[in-house]
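Scroll down for the structure; my scribbles are underneath it.
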Amino acid sequence: MAAKTILITGGAGFIGSHVVRLFVQKYSDYQIVNLDNLTYAGNLGNLSDIESSPNYTFLKGDITDQSFLQQLFATYQFHGVIHLAAESHVDRSISSPMEFVLTNVVGTVNLLNAAKEHVKSGKPFDRFYHVSTDEVYGSLHDDGFFTEETAYDPQSPYSASKASSDHFVRAYHNTYKLPVVISNCSNNYGPNQFPEKLIPLFINNIKHKKPLPVYGKGENIRDWLYVVDHARAIDVVYHKGALGETYNIGGHNEWTNIALIKVLCKIMDVKLGQSPGSSEQLISYVTDRAGHDFRYAIDATKIQNELGWTPSLQFEEGIEKTINWYLENECWLTQVTSGAYLNYYKQQYSK
Ligand code: NAD
Ligand code: TYD
């Protein structure tokens, strides 16, 4: 029998699939239950390499369904929860904010309730780990970094919904003594990211010689972390993080969008055997995102000093691996960009 049973929500998504893989492969004595509703962003193909592992179970289910969650916790004796399921794309939150309230806020509170009842019934329970974003802190100017003490100041419906869920997690710790831990991470990149986010969208568009829609002047700044390094950090926080604490996770790797896009173009020209400068001709400046946060940058001193985590990969290596993955996984890209994706793309970029 498995020593511990851990529920990972959103495990068929981008970051969740890397976390599930890491836990399934690293902890053979854990039973990993992946709960995912398989929205447009969830894809079981992300986990085909580990799907038949004896310590892995997939369950399709919706975290907004409270009675389903109660049943789930009654069936499985979970020792811990790692909660990643969410609506995660800022542009979608601008067009459909209520979906973000339902999944990110109501879904998280449903899960907290299920965990609370589970603990109340005397079952052993290590922790509820809520995976969040640095976007809850709002937007920085040219200087400074987000620390764990930075006041919340979310600016988009997405970040407002994540901030709200973070507050509920802390409230359940304070009020019901639920053992919780939270992390807030910067922008992730890497294999399996849905091509609505900047890096995979632009790789796909360059490949198909489609315009590269740069919002505003392309001067906004993001701090990019390779997804496997985030999964490693989640492993460390889950096992060593102090209860009730928050840990910021980031790559110390800031890029303006336009500088990053030019790097992508340069590497893609080489990979596609094109003359230098070809992909850059696809750059097209479009109307800025409403309320576009200017800069995110994480101070990751706490997780480094207290838990010994640092990113393992340099950006140059990470972006090369990422581009190679998308070029080598043509089928994955074709599959996720068919069907509903085409409607989304038309709506988002034909304004
Ligand atoms: P994603 O959109 O790729 O995946 C989300 C997953 O959640 C999908 O598999 C989807 O099917 C599932 N899901 C959505 N609604 C659900 C529901 N109601 N019930 C069950 N499952 C549902 O997201 P991601 O980029 O992998 O992000 C994962 C988490 O990490 C999110 O909580 C996000 O806020 C956080 N985060 C993301 C980033 C980033 O750069 N992508 C950075 C920091 C934090
Ligand atoms: P995104 O990948 O959506 O992540 P987030 O908004 O959560 O940081 O966007 C990263 C940056 O790229 C952000 O500043 C918005 C910008 N962007 C574009 O310029 N064009 C696009 O088509 C997209 C999707 C993003």
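Note on naming: chains are A, B, ... as they come in the structure tokens, residues start from 1 per chain, ligands start from 1 in the order shown.
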
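Per DSSP on the backbone, strand (DSSP E or B) in segment 212-334 of chain A comprises Leu212, Pro213, Val214, Tyr215, Ile221, Arg222, Asp223, Trp224, Leu225, Tyr226, Thr246, Tyr247, Asn248, Ile249, Glu254, Trp255, Thr256, Ile283, Ser284, Tyr285, Val286, Arg295 and Ile298 of chain A.
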
Return as an mmCIF file with all heavy atoms, in the first residue's frame every polymer residue, whether protein, DNA or RNA, with at least one atom no more than 8 Å from an atom of ligand 1; count only C-alpha atoms and all ligand atoms.
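Dumped to part-v5.cif:
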```cif
data_model
loop_
_atom_site.group_PDB
_atom_site.id
_atom_site.type_symbol
_atom_site.label_atom_id
_atom_site.label_comp_id
_atom_site.auth_asym_id
_atom_site.auth_seq_id
_atom_site.Cartn_x
_atom_site.Cartn_y
_atom_site.Cartn_z
ATOM 1 N N THR A 9 -4.518 18.793 -8.187
ATOM 2 C CA THR A 9 -5.571 19.288 -9.086
ATOM 3 C C THR A 9 -4.928 20.021 -10.260
ATOM 4 O O THR A 9 -3.854 20.608 -10.121
ATOM 5 C CB THR A 9 -6.538 20.249 -8.354
ATOM 6 O OG1 THR A 9 -5.845 21.473 -8.079
ATOM 7 C CG2 THR A 9 -7.070 19.651 -7.061
ATOM 8 N N GLY A 10 -5.593 19.943 -11.416
ATOM 9 C CA GLY A 10 -5.064 20.621 -12.607
ATOM 10 C C GLY A 10 -3.829 19.944 -13.177
ATOM 11 O O GLY A 10 -3.030 20.562 -13.876
ATOM 12 N N GLY A 11 -3.696 18.654 -12.906
ATOM 13 C CA GLY A 11 -2.497 17.922 -13.309
ATOM 14 C C GLY A 11 -2.388 17.639 -14.798
ATOM 15 O O GLY A 11 -1.340 17.197 -15.266
ATOM 16 N N ALA A 12 -3.483 17.907 -15.556
ATOM 17 C CA ALA A 12 -3.385 17.713 -17.005
ATOM 18 C C ALA A 12 -3.010 19.008 -17.718
ATOM 19 O O ALA A 12 -2.875 19.035 -18.941
ATOM 20 C CB ALA A 12 -4.715 17.186 -17.552
ATOM 21 N N GLY A 13 -2.845 20.085 -16.959
ATOM 22 C CA GLY A 13 -2.474 21.368 -17.547
ATOM 23 C C GLY A 13 -0.961 21.488 -17.695
ATOM 24 O O GLY A 13 -0.208 20.517 -17.518
ATOM 25 N N PHE A 14 -0.536 22.688 -17.993
ATOM 26 C CA PHE A 14 0.884 22.943 -18.281
ATOM 27 C C PHE A 14 1.772 22.630 -17.061
ATOM 28 O O PHE A 14 2.522 21.643 -17.055
ATOM 29 C CB PHE A 14 1.007 24.403 -18.732
ATOM 30 C CG PHE A 14 2.387 24.969 -18.791
ATOM 31 C CD1 PHE A 14 3.436 24.281 -19.381
ATOM 32 C CD2 PHE A 14 2.647 26.235 -18.249
ATOM 33 C CE1 PHE A 14 4.714 24.828 -19.448
ATOM 34 C CE2 PHE A 14 3.908 26.801 -18.312
ATOM 35 C CZ PHE A 14 4.943 26.094 -18.900
ATOM 36 N N ILE A 15 1.651 23.419 -16.009
ATOM 37 C CA ILE A 15 2.542 23.230 -14.855
ATOM 38 C C ILE A 15 2.170 21.939 -14.126
ATOM 39 O O ILE A 15 3.053 21.151 -13.729
ATOM 40 C CB ILE A 15 2.455 24.440 -13.896
ATOM 41 C CG1 ILE A 15 2.852 25.725 -14.639
ATOM 42 C CG2 ILE A 15 3.360 24.226 -12.676
ATOM 43 C CD1 ILE A 15 2.564 27.010 -13.872
ATOM 44 N N GLY A 16 0.853 21.709 -13.981
ATOM 45 C CA GLY A 16 0.396 20.517 -13.258
ATOM 46 C C GLY A 16 0.970 19.233 -13.823
ATOM 47 O O GLY A 16 1.348 18.323 -13.065
ATOM 48 N N SER A 17 1.080 19.132 -15.144
ATOM 49 C CA SER A 17 1.588 17.882 -15.723
ATOM 50 C C SER A 17 3.061 17.669 -15.360
ATOM 51 O O SER A 17 3.492 16.535 -15.134
ATOM 52 C CB SER A 17 1.376 17.855 -17.242
ATOM 53 O OG SER A 17 2.068 18.902 -17.874
ATOM 54 N N LEU A 35 -6.616 15.118 -10.374
ATOM 55 C CA LEU A 35 -8.002 15.514 -10.635
ATOM 56 C C LEU A 35 -8.006 16.689 -11.598
ATOM 57 O O LEU A 35 -7.436 17.751 -11.296
ATOM 58 C CB LEU A 35 -8.678 15.935 -9.321
ATOM 59 C CG LEU A 35 -10.063 16.577 -9.501
ATOM 60 C CD1 LEU A 35 -11.082 15.568 -9.982
ATOM 61 C CD2 LEU A 35 -10.518 17.227 -8.202
ATOM 62 N N ASP A 36 -8.650 16.502 -12.744
ATOM 63 C CA ASP A 36 -8.665 17.578 -13.736
ATOM 64 C C ASP A 36 -9.958 17.480 -14.533
ATOM 65 O O ASP A 36 -10.400 16.381 -14.872
ATOM 66 C CB ASP A 36 -7.448 17.443 -14.671
ATOM 67 C CG ASP A 36 -7.173 18.714 -15.443
ATOM 68 O OD1 ASP A 36 -8.035 19.128 -16.258
ATOM 69 O OD2 ASP A 36 -6.082 19.305 -15.249
ATOM 70 N N ASN A 37 -10.528 18.631 -14.828
ATOM 71 C CA ASN A 37 -11.794 18.643 -15.563
ATOM 72 C C ASN A 37 -11.587 18.628 -17.073
ATOM 73 O O ASN A 37 -12.552 18.633 -17.830
ATOM 74 C CB ASN A 37 -12.604 19.882 -15.161
ATOM 75 C CG ASN A 37 -14.071 19.704 -15.425
ATOM 76 O OD1 ASN A 37 -14.563 18.575 -15.437
ATOM 77 N ND2 ASN A 37 -14.777 20.790 -15.651
ATOM 78 N N LEU A 38 -10.335 18.628 -17.501
ATOM 79 C CA LEU A 38 -9.999 18.617 -18.938
ATOM 80 C C LEU A 38 -10.737 19.724 -19.695
ATOM 81 O O LEU A 38 -11.489 19.461 -20.622
ATOM 82 C CB LEU A 38 -10.270 17.237 -19.567
ATOM 83 C CG LEU A 38 -9.483 16.080 -18.941
ATOM 84 C CD1 LEU A 38 -9.808 14.766 -19.641
ATOM 85 C CD2 LEU A 38 -7.975 16.349 -18.991
ATOM 86 N N THR A 39 -10.492 20.963 -19.254
ATOM 87 C CA THR A 39 -10.981 22.111 -20.024
ATOM 88 C C THR A 39 -10.100 22.208 -21.268
ATOM 89 O O THR A 39 -9.221 21.363 -21.495
ATOM 90 C CB THR A 39 -10.820 23.418 -19.209
ATOM 91 O OG1 THR A 39 -9.424 23.697 -19.070
ATOM 92 C CG2 THR A 39 -11.475 23.302 -17.840
ATOM 93 N N TYR A 40 -10.256 23.283 -22.030
ATOM 94 C CA TYR A 40 -9.437 23.464 -23.238
ATOM 95 C C TYR A 40 -7.944 23.369 -22.901
ATOM 96 O O TYR A 40 -7.133 22.980 -23.741
ATOM 97 C CB TYR A 40 -9.758 24.833 -23.884
ATOM 98 C CG TYR A 40 -9.097 25.971 -23.144
ATOM 99 C CD1 TYR A 40 -7.830 26.422 -23.515
ATOM 100 C CD2 TYR A 40 -9.697 26.561 -22.027
ATOM 101 C CE1 TYR A 40 -7.198 27.423 -22.807
ATOM 102 C CE2 TYR A 40 -9.071 27.550 -21.321
ATOM 103 C CZ TYR A 40 -7.822 27.983 -21.716
ATOM 104 O OH TYR A 40 -7.180 28.952 -21.010
ATOM 105 N N ALA A 41 -7.572 23.723 -21.654
ATOM 106 C CA ALA A 41 -6.147 23.779 -21.286
ATOM 107 C C ALA A 41 -5.626 22.449 -20.744
ATOM 108 O O ALA A 41 -4.417 22.283 -20.570
ATOM 109 C CB ALA A 41 -5.923 24.872 -20.236
ATOM 110 N N GLY A 42 -6.530 21.514 -20.470
ATOM 111 C CA GLY A 42 -6.102 20.233 -19.909
ATOM 112 C C GLY A 42 -5.962 19.201 -21.009
ATOM 113 O O GLY A 42 -6.810 19.117 -21.903
ATOM 114 N N ASN A 43 -4.901 18.421 -20.954
ATOM 115 C CA ASN A 43 -4.614 17.505 -22.051
ATOM 116 C C ASN A 43 -3.920 16.270 -21.491
ATOM 117 O O ASN A 43 -2.780 16.354 -21.015
ATOM 118 C CB ASN A 43 -3.687 18.256 -23.018
ATOM 119 C CG ASN A 43 -3.389 17.480 -24.266
ATOM 120 O OD1 ASN A 43 -3.696 16.287 -24.349
ATOM 121 N ND2 ASN A 43 -2.792 18.141 -25.232
ATOM 122 N N LYS A 60 -11.385 12.435 -13.846
ATOM 123 C CA LYS A 60 -11.965 13.641 -14.445
ATOM 124 C C LYS A 60 -13.022 14.189 -13.498
ATOM 125 O O LYS A 60 -13.916 13.450 -13.079
ATOM 126 C CB LYS A 60 -12.585 13.308 -15.807
ATOM 127 C CG LYS A 60 -13.131 14.534 -16.526
ATOM 128 C CD LYS A 60 -13.610 14.177 -17.914
ATOM 129 C CE LYS A 60 -14.179 15.325 -18.708
ATOM 130 N NZ LYS A 60 -14.843 16.387 -18.033
ATOM 131 N N GLY A 61 -12.901 15.441 -13.123
ATOM 132 C CA GLY A 61 -13.885 16.020 -12.211
ATOM 133 C C GLY A 61 -13.676 17.515 -12.085
ATOM 134 O O GLY A 61 -12.599 18.036 -12.379
ATOM 135 N N ASP A 62 -14.731 18.165 -11.587
ATOM 136 C CA ASP A 62 -14.778 19.625 -11.578
ATOM 137 C C ASP A 62 -14.687 20.141 -10.140
ATOM 138 O O ASP A 62 -15.520 19.783 -9.302
ATOM 139 C CB ASP A 62 -16.123 20.028 -12.224
ATOM 140 C CG ASP A 62 -16.232 21.512 -12.471
ATOM 141 O OD1 ASP A 62 -15.452 22.286 -11.878
ATOM 142 O OD2 ASP A 62 -17.116 21.889 -13.254
ATOM 143 N N ILE A 63 -13.739 20.998 -9.862
ATOM 144 C CA ILE A 63 -13.607 21.515 -8.482
ATOM 145 C C ILE A 63 -14.733 22.476 -8.108
ATOM 146 O O ILE A 63 -14.867 22.824 -6.941
ATOM 147 C CB ILE A 63 -12.234 22.187 -8.224
ATOM 148 C CG1 ILE A 63 -11.994 23.357 -9.197
ATOM 149 C CG2 ILE A 63 -11.113 21.166 -8.272
ATOM 150 C CD1 ILE A 63 -10.832 24.255 -8.791
ATOM 151 N N THR A 64 -15.544 22.895 -9.075
ATOM 152 C CA THR A 64 -16.690 23.733 -8.694
ATOM 153 C C THR A 64 -17.868 22.886 -8.200
ATOM 154 O O THR A 64 -18.862 23.420 -7.741
ATOM 155 C CB THR A 64 -17.167 24.647 -9.868
ATOM 156 O OG1 THR A 64 -17.692 23.829 -10.896
ATOM 157 C CG2 THR A 64 -16.040 25.495 -10.407
ATOM 158 N N ASP A 65 -17.722 21.566 -8.285
ATOM 159 C CA ASP A 65 -18.787 20.649 -7.876
ATOM 160 C C ASP A 65 -18.510 20.152 -6.455
ATOM 161 O O ASP A 65 -17.735 19.222 -6.231
ATOM 162 C CB ASP A 65 -18.834 19.489 -8.884
ATOM 163 C CG ASP A 65 -19.940 18.498 -8.588
ATOM 164 O OD1 ASP A 65 -20.498 18.526 -7.476
ATOM 165 O OD2 ASP A 65 -20.220 17.680 -9.486
ATOM 166 N N HIS A 83 -2.774 22.106 -5.105
ATOM 167 C CA HIS A 83 -3.880 22.666 -5.890
ATOM 168 C C HIS A 83 -3.374 23.608 -6.979
ATOM 169 O O HIS A 83 -2.924 24.721 -6.693
ATOM 170 C CB HIS A 83 -4.820 23.401 -4.920
ATOM 171 C CG HIS A 83 -5.937 24.135 -5.571
ATOM 172 N ND1 HIS A 83 -6.622 23.651 -6.670
ATOM 173 C CD2 HIS A 83 -6.522 25.343 -5.278
ATOM 174 C CE1 HIS A 83 -7.558 24.521 -7.023
ATOM 175 N NE2 HIS A 83 -7.509 25.552 -6.205
ATOM 176 N N LEU A 84 -3.481 23.113 -8.226
ATOM 177 C CA LEU A 84 -3.082 23.954 -9.365
ATOM 178 C C LEU A 84 -4.240 24.269 -10.308
ATOM 179 O O LEU A 84 -4.104 25.139 -11.166
ATOM 180 C CB LEU A 84 -1.992 23.267 -10.196
ATOM 181 C CG LEU A 84 -0.649 23.017 -9.520
ATOM 182 C CD1 LEU A 84 -0.470 21.541 -9.231
ATOM 183 C CD2 LEU A 84 0.506 23.521 -10.371
ATOM 184 N N ALA A 85 -5.355 23.534 -10.215
ATOM 185 C CA ALA A 85 -6.450 23.728 -11.179
ATOM 186 C C ALA A 85 -6.901 25.180 -11.144
ATOM 187 O O ALA A 85 -7.157 25.737 -10.075
ATOM 188 C CB ALA A 85 -7.622 22.811 -10.838
ATOM 189 N N ALA A 86 -6.990 25.771 -12.309
ATOM 190 C CA ALA A 86 -7.403 27.171 -12.395
ATOM 191 C C ALA A 86 -7.672 27.539 -13.839
ATOM 192 O O ALA A 86 -7.242 26.850 -14.760
ATOM 193 C CB ALA A 86 -6.300 28.087 -11.845
ATOM 194 N N GLU A 87 -8.396 28.615 -14.013
ATOM 195 C CA GLU A 87 -8.376 29.330 -15.287
ATOM 196 C C GLU A 87 -7.149 30.229 -15.187
ATOM 197 O O GLU A 87 -6.971 30.924 -14.180
ATOM 198 C CB GLU A 87 -9.649 30.169 -15.461
ATOM 199 C CG GLU A 87 -10.896 29.352 -15.750
ATOM 200 C CD GLU A 87 -10.840 28.637 -17.100
ATOM 201 O OE1 GLU A 87 -10.139 29.124 -18.005
ATOM 202 O OE2 GLU A 87 -11.492 27.592 -17.244
ATOM 203 N N SER A 88 -6.300 30.233 -16.223
ATOM 204 C CA SER A 88 -4.979 30.835 -16.025
ATOM 205 C C SER A 88 -4.584 31.917 -17.027
ATOM 206 O O SER A 88 -3.484 32.454 -16.934
ATOM 207 C CB SER A 88 -3.922 29.717 -16.064
ATOM 208 O OG SER A 88 -3.843 29.169 -17.375
ATOM 209 N N HIS A 89 -5.463 32.239 -17.979
ATOM 210 C CA HIS A 89 -5.003 33.180 -19.005
ATOM 211 C C HIS A 89 -5.641 34.567 -18.852
ATOM 212 O O HIS A 89 -6.871 34.699 -18.898
ATOM 213 C CB HIS A 89 -5.295 32.601 -20.392
ATOM 214 C CG HIS A 89 -4.673 33.394 -21.502
ATOM 215 N ND1 HIS A 89 -3.433 33.980 -21.409
ATOM 216 C CD2 HIS A 89 -5.123 33.712 -22.737
ATOM 217 C CE1 HIS A 89 -3.143 34.613 -22.530
ATOM 218 N NE2 HIS A 89 -4.162 34.465 -23.349
ATOM 219 N N LEU A 102 -15.600 31.477 -10.712
ATOM 220 C CA LEU A 102 -16.128 30.143 -10.399
ATOM 221 C C LEU A 102 -14.999 29.149 -10.140
ATOM 222 O O LEU A 102 -14.952 28.494 -9.094
ATOM 223 C CB LEU A 102 -17.041 29.650 -11.528
ATOM 224 C CG LEU A 102 -18.365 30.422 -11.637
ATOM 225 C CD1 LEU A 102 -19.171 29.971 -12.842
ATOM 226 C CD2 LEU A 102 -19.181 30.255 -10.345
ATOM 227 N N THR A 103 -14.076 29.036 -11.069
ATOM 228 C CA THR A 103 -13.028 28.018 -10.895
ATOM 229 C C THR A 103 -12.013 28.432 -9.819
ATOM 230 O O THR A 103 -11.702 27.652 -8.915
ATOM 231 C CB THR A 103 -12.304 27.772 -12.233
ATOM 232 O OG1 THR A 103 -13.247 27.217 -13.141
ATOM 233 C CG2 THR A 103 -11.143 26.804 -12.058
ATOM 234 N N ASN A 104 -11.518 29.663 -9.930
ATOM 235 C CA ASN A 104 -10.380 30.036 -9.073
ATOM 236 C C ASN A 104 -10.799 30.357 -7.638
ATOM 237 O O ASN A 104 -10.056 30.054 -6.695
ATOM 238 C CB ASN A 104 -9.630 31.222 -9.688
ATOM 239 C CG ASN A 104 -9.063 30.883 -11.063
ATOM 240 O OD1 ASN A 104 -9.206 29.762 -11.544
ATOM 241 N ND2 ASN A 104 -8.425 31.838 -11.707
ATOM 242 N N GLY A 107 -14.078 27.258 -6.725
ATOM 243 C CA GLY A 107 -13.427 25.938 -6.775
ATOM 244 C C GLY A 107 -12.431 25.759 -5.636
ATOM 245 O O GLY A 107 -12.378 24.710 -4.983
ATOM 246 N N HIS A 130 -1.410 25.516 -1.914
ATOM 247 C CA HIS A 130 -2.075 26.329 -2.937
ATOM 248 C C HIS A 130 -1.015 26.974 -3.837
ATOM 249 O O HIS A 130 -0.165 27.735 -3.359
ATOM 250 C CB HIS A 130 -2.918 27.404 -2.238
ATOM 251 C CG HIS A 130 -3.658 28.300 -3.173
ATOM 252 N ND1 HIS A 130 -4.588 27.843 -4.082
ATOM 253 C CD2 HIS A 130 -3.615 29.651 -3.340
ATOM 254 C CE1 HIS A 130 -5.085 28.870 -4.762
ATOM 255 N NE2 HIS A 130 -4.502 29.970 -4.336
ATOM 256 N N VAL A 131 -1.091 26.652 -5.126
ATOM 257 C CA VAL A 131 -0.098 27.176 -6.079
ATOM 258 C C VAL A 131 -0.660 28.460 -6.697
ATOM 259 O O VAL A 131 -1.698 28.428 -7.363
ATOM 260 C CB VAL A 131 0.203 26.127 -7.169
ATOM 261 C CG1 VAL A 131 1.146 26.704 -8.222
ATOM 262 C CG2 VAL A 131 0.801 24.868 -6.530
ATOM 263 N N SER A 132 0.027 29.568 -6.446
ATOM 264 C CA SER A 132 -0.483 30.843 -6.938
ATOM 265 C C SER A 132 0.563 31.579 -7.774
ATOM 266 O O SER A 132 1.611 31.038 -8.120
ATOM 267 C CB SER A 132 -0.988 31.690 -5.767
ATOM 268 O OG SER A 132 -1.751 32.778 -6.258
ATOM 269 N N THR A 133 0.227 32.826 -8.075
ATOM 270 C CA THR A 133 0.997 33.603 -9.049
ATOM 271 C C THR A 133 1.518 34.906 -8.440
ATOM 272 O O THR A 133 0.919 35.438 -7.502
ATOM 273 C CB THR A 133 0.091 33.937 -10.261
ATOM 274 O OG1 THR A 133 0.714 34.925 -11.070
ATOM 275 C CG2 THR A 133 -1.256 34.487 -9.812
ATOM 276 N N ASP A 134 2.592 35.419 -9.026
ATOM 277 C CA ASP A 134 3.112 36.728 -8.577
ATOM 278 C C ASP A 134 2.188 37.864 -9.015
ATOM 279 O O ASP A 134 2.318 38.989 -8.544
ATOM 280 C CB ASP A 134 4.533 36.967 -9.102
ATOM 281 C CG ASP A 134 4.641 37.003 -10.622
ATOM 282 O OD1 ASP A 134 3.647 36.679 -11.312
ATOM 283 O OD2 ASP A 134 5.729 37.351 -11.127
ATOM 284 N N GLU A 135 1.233 37.565 -9.919
ATOM 285 C CA GLU A 135 0.377 38.634 -10.445
ATOM 286 C C GLU A 135 -0.533 39.219 -9.364
ATOM 287 O O GLU A 135 -1.077 40.306 -9.525
ATOM 288 C CB GLU A 135 -0.414 38.136 -11.661
ATOM 289 C CG GLU A 135 0.534 37.652 -12.745
ATOM 290 C CD GLU A 135 -0.105 37.354 -14.092
ATOM 291 O OE1 GLU A 135 -1.148 37.930 -14.409
ATOM 292 O OE2 GLU A 135 0.478 36.540 -14.830
ATOM 293 N N LYS A 162 -7.125 35.032 -8.339
ATOM 294 C CA LYS A 162 -6.063 34.280 -7.638
ATOM 295 C C LYS A 162 -5.800 34.915 -6.264
ATOM 296 O O LYS A 162 -5.596 34.214 -5.273
ATOM 297 C CB LYS A 162 -4.769 34.248 -8.463
ATOM 298 C CG LYS A 162 -4.828 33.421 -9.734
ATOM 299 C CD LYS A 162 -5.058 31.928 -9.510
ATOM 300 C CE LYS A 162 -3.878 31.220 -8.874
ATOM 301 N NZ LYS A 162 -4.085 29.741 -8.839
ATOM 302 N N ASN A 184 3.910 31.763 -4.706
ATOM 303 C CA ASN A 184 3.546 32.708 -5.758
ATOM 304 C C ASN A 184 4.704 32.765 -6.745
ATOM 305 O O ASN A 184 5.795 33.223 -6.403
ATOM 306 C CB ASN A 184 3.284 34.097 -5.169
ATOM 307 C CG ASN A 184 2.092 34.092 -4.227
ATOM 308 O OD1 ASN A 184 2.216 33.729 -3.053
ATOM 309 N ND2 ASN A 184 0.937 34.438 -4.716
ATOM 310 N N CYS A 185 4.446 32.288 -7.946
ATOM 311 C CA CYS A 185 5.534 32.140 -8.918
ATOM 312 C C CYS A 185 5.391 33.125 -10.078
ATOM 313 O O CYS A 185 4.294 33.567 -10.411
ATOM 314 C CB CYS A 185 5.531 30.704 -9.446
ATOM 315 S SG CYS A 185 6.944 30.324 -10.495
ATOM 316 N N SER A 186 6.525 33.409 -10.687
ATOM 317 C CA SER A 186 6.553 34.284 -11.868
ATOM 318 C C SER A 186 6.151 33.499 -13.121
ATOM 319 O O SER A 186 5.824 32.311 -13.040
ATOM 320 C CB SER A 186 7.955 34.871 -12.023
ATOM 321 O OG SER A 186 8.871 33.822 -12.250
ATOM 322 N N ASN A 187 6.223 34.139 -14.283
ATOM 323 C CA ASN A 187 5.803 33.499 -15.550
ATOM 324 C C ASN A 187 6.624 32.249 -15.843
ATOM 325 O O ASN A 187 7.846 32.285 -15.814
ATOM 326 C CB ASN A 187 6.013 34.468 -16.721
ATOM 327 C CG ASN A 187 4.986 35.574 -16.744
ATOM 328 O OD1 ASN A 187 4.904 36.360 -15.811
ATOM 329 N ND2 ASN A 187 4.201 35.645 -17.794
ATOM 330 N N ASN A 188 5.914 31.181 -16.183
ATOM 331 C CA ASN A 188 6.587 29.924 -16.550
ATOM 332 C C ASN A 188 6.647 29.781 -18.065
ATOM 333 O O ASN A 188 5.772 30.274 -18.780
ATOM 334 C CB ASN A 188 5.771 28.732 -16.040
ATOM 335 C CG ASN A 188 5.925 28.484 -14.555
ATOM 336 O OD1 ASN A 188 5.882 27.342 -14.105
ATOM 337 N ND2 ASN A 188 6.099 29.525 -13.758
ATOM 338 N N TYR A 189 7.660 29.062 -18.538
ATOM 339 C CA TYR A 189 7.708 28.678 -19.949
ATOM 340 C C TYR A 189 8.267 27.274 -20.028
ATOM 341 O O TYR A 189 8.906 26.789 -19.084
ATOM 342 C CB TYR A 189 8.578 29.666 -20.767
ATOM 343 C CG TYR A 189 10.058 29.552 -20.462
ATOM 344 C CD1 TYR A 189 10.894 28.820 -21.303
ATOM 345 C CD2 TYR A 189 10.604 30.124 -19.315
ATOM 346 C CE1 TYR A 189 12.244 28.687 -21.016
ATOM 347 C CE2 TYR A 189 11.946 29.987 -19.023
ATOM 348 C CZ TYR A 189 12.766 29.270 -19.876
ATOM 349 O OH TYR A 189 14.092 29.117 -19.589
ATOM 350 N N GLN A 193 2.951 24.013 -22.757
ATOM 351 C CA GLN A 193 2.158 25.201 -22.433
ATOM 352 C C GLN A 193 1.196 25.492 -23.585
ATOM 353 O O GLN A 193 1.584 25.472 -24.756
ATOM 354 C CB GLN A 193 3.070 26.413 -22.197
ATOM 355 C CG GLN A 193 2.311 27.639 -21.691
ATOM 356 C CD GLN A 193 3.224 28.758 -21.205
ATOM 357 O OE1 GLN A 193 4.334 28.923 -21.716
ATOM 358 N NE2 GLN A 193 2.770 29.522 -20.228
ATOM 359 N N PHE A 194 -0.039 25.775 -23.243
ATOM 360 C CA PHE A 194 -1.058 25.978 -24.276
ATOM 361 C C PHE A 194 -0.709 27.219 -25.101
ATOM 362 O O PHE A 194 -0.389 28.269 -24.527
ATOM 363 C CB PHE A 194 -2.434 26.135 -23.604
ATOM 364 C CG PHE A 194 -3.571 26.033 -24.566
ATOM 365 C CD1 PHE A 194 -3.984 24.796 -25.047
ATOM 366 C CD2 PHE A 194 -4.227 27.171 -25.016
ATOM 367 C CE1 PHE A 194 -5.038 24.697 -25.951
ATOM 368 C CE2 PHE A 194 -5.280 27.083 -25.919
ATOM 369 C CZ PHE A 194 -5.679 25.840 -26.392
#
```

Quick one, how far is atom 9 (O, counted along the ligand's line) of ligand 2 from atom CA of Gly291 of chain A?
12.7 Å

Taking only C-alpha atoms and all ligand atoms into account, which residues are within 10 Å of ligand 2, as a VMD selection string?
chain A and resid 88 to 92 133 to 135 156 158 to 159 186 to 189 193 to 202 211 to 224 255 to 258 260 to 261 284 to 289 292 to 296 345 348 to 349

Which residue gives the smallest distance to Glu280 of chain A among A:Ala340, A:Gly308, A:Val105, A:Lys210, with only C-alpha atoms counted?
A:Lys210

As number ranges by chain, please: all residues of segment 168-303 of chain A that backbone DSSP puts in helix (DSSP H, G or I).
A: 168-176, 198-207, 227-240, 257-271, 279-282, 301-303

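Distances to Lys123 of chain A were evaluated for A:Val237, A:Ile6, A:Ala74, A:Ala259 using only C-alpha atoms, and the minimum falls at A:Ala74.
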
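The gap separating atom CA of Asn192 of chain A from atom CA of Ser93 of chain A is 20.8 Å, in Å to one decimal.
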
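Summary of the local environment: counting only C-alpha atoms, residues at most 7 Å from Phe145 of chain A, other than itself and those fewer than 6 positions away along its chain, are A:Ala297, A:Ile298, A:Asp299.
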
For the residues in that selection, give me all heavy atoms as a short mmCIF file (atom, residue, chain, number, x, y, z; two decimals), in the first residue's frame.
```
data_model
loop_
_atom_site.label_atom_id
_atom_site.label_comp_id
_atom_site.auth_asym_id
_atom_site.auth_seq_id
_atom_site.Cartn_x
_atom_site.Cartn_y
_atom_site.Cartn_z
N ALA A 297 8.51 41.09 -11.16
CA ALA A 297 9.87 40.61 -10.86
C ALA A 297 9.87 40.10 -9.43
O ALA A 297 9.43 40.78 -8.51
CB ALA A 297 10.88 41.74 -11.01
N ILE A 298 10.38 38.90 -9.26
CA ILE A 298 10.31 38.20 -7.96
C ILE A 298 11.63 38.28 -7.22
O ILE A 298 12.71 38.07 -7.81
CB ILE A 298 9.97 36.71 -8.22
CG1 ILE A 298 8.48 36.54 -8.50
CG2 ILE A 298 10.43 35.81 -7.10
CD1 ILE A 298 7.60 36.46 -7.29
N ASP A 299 11.53 38.55 -5.91
CA ASP A 299 12.67 38.36 -5.01
C ASP A 299 12.49 36.98 -4.39
O ASP A 299 11.60 36.77 -3.56
CB ASP A 299 12.65 39.45 -3.93
CG ASP A 299 13.78 39.28 -2.92
OD1 ASP A 299 14.39 38.18 -2.89
OD2 ASP A 299 14.04 40.24 -2.16
#
```
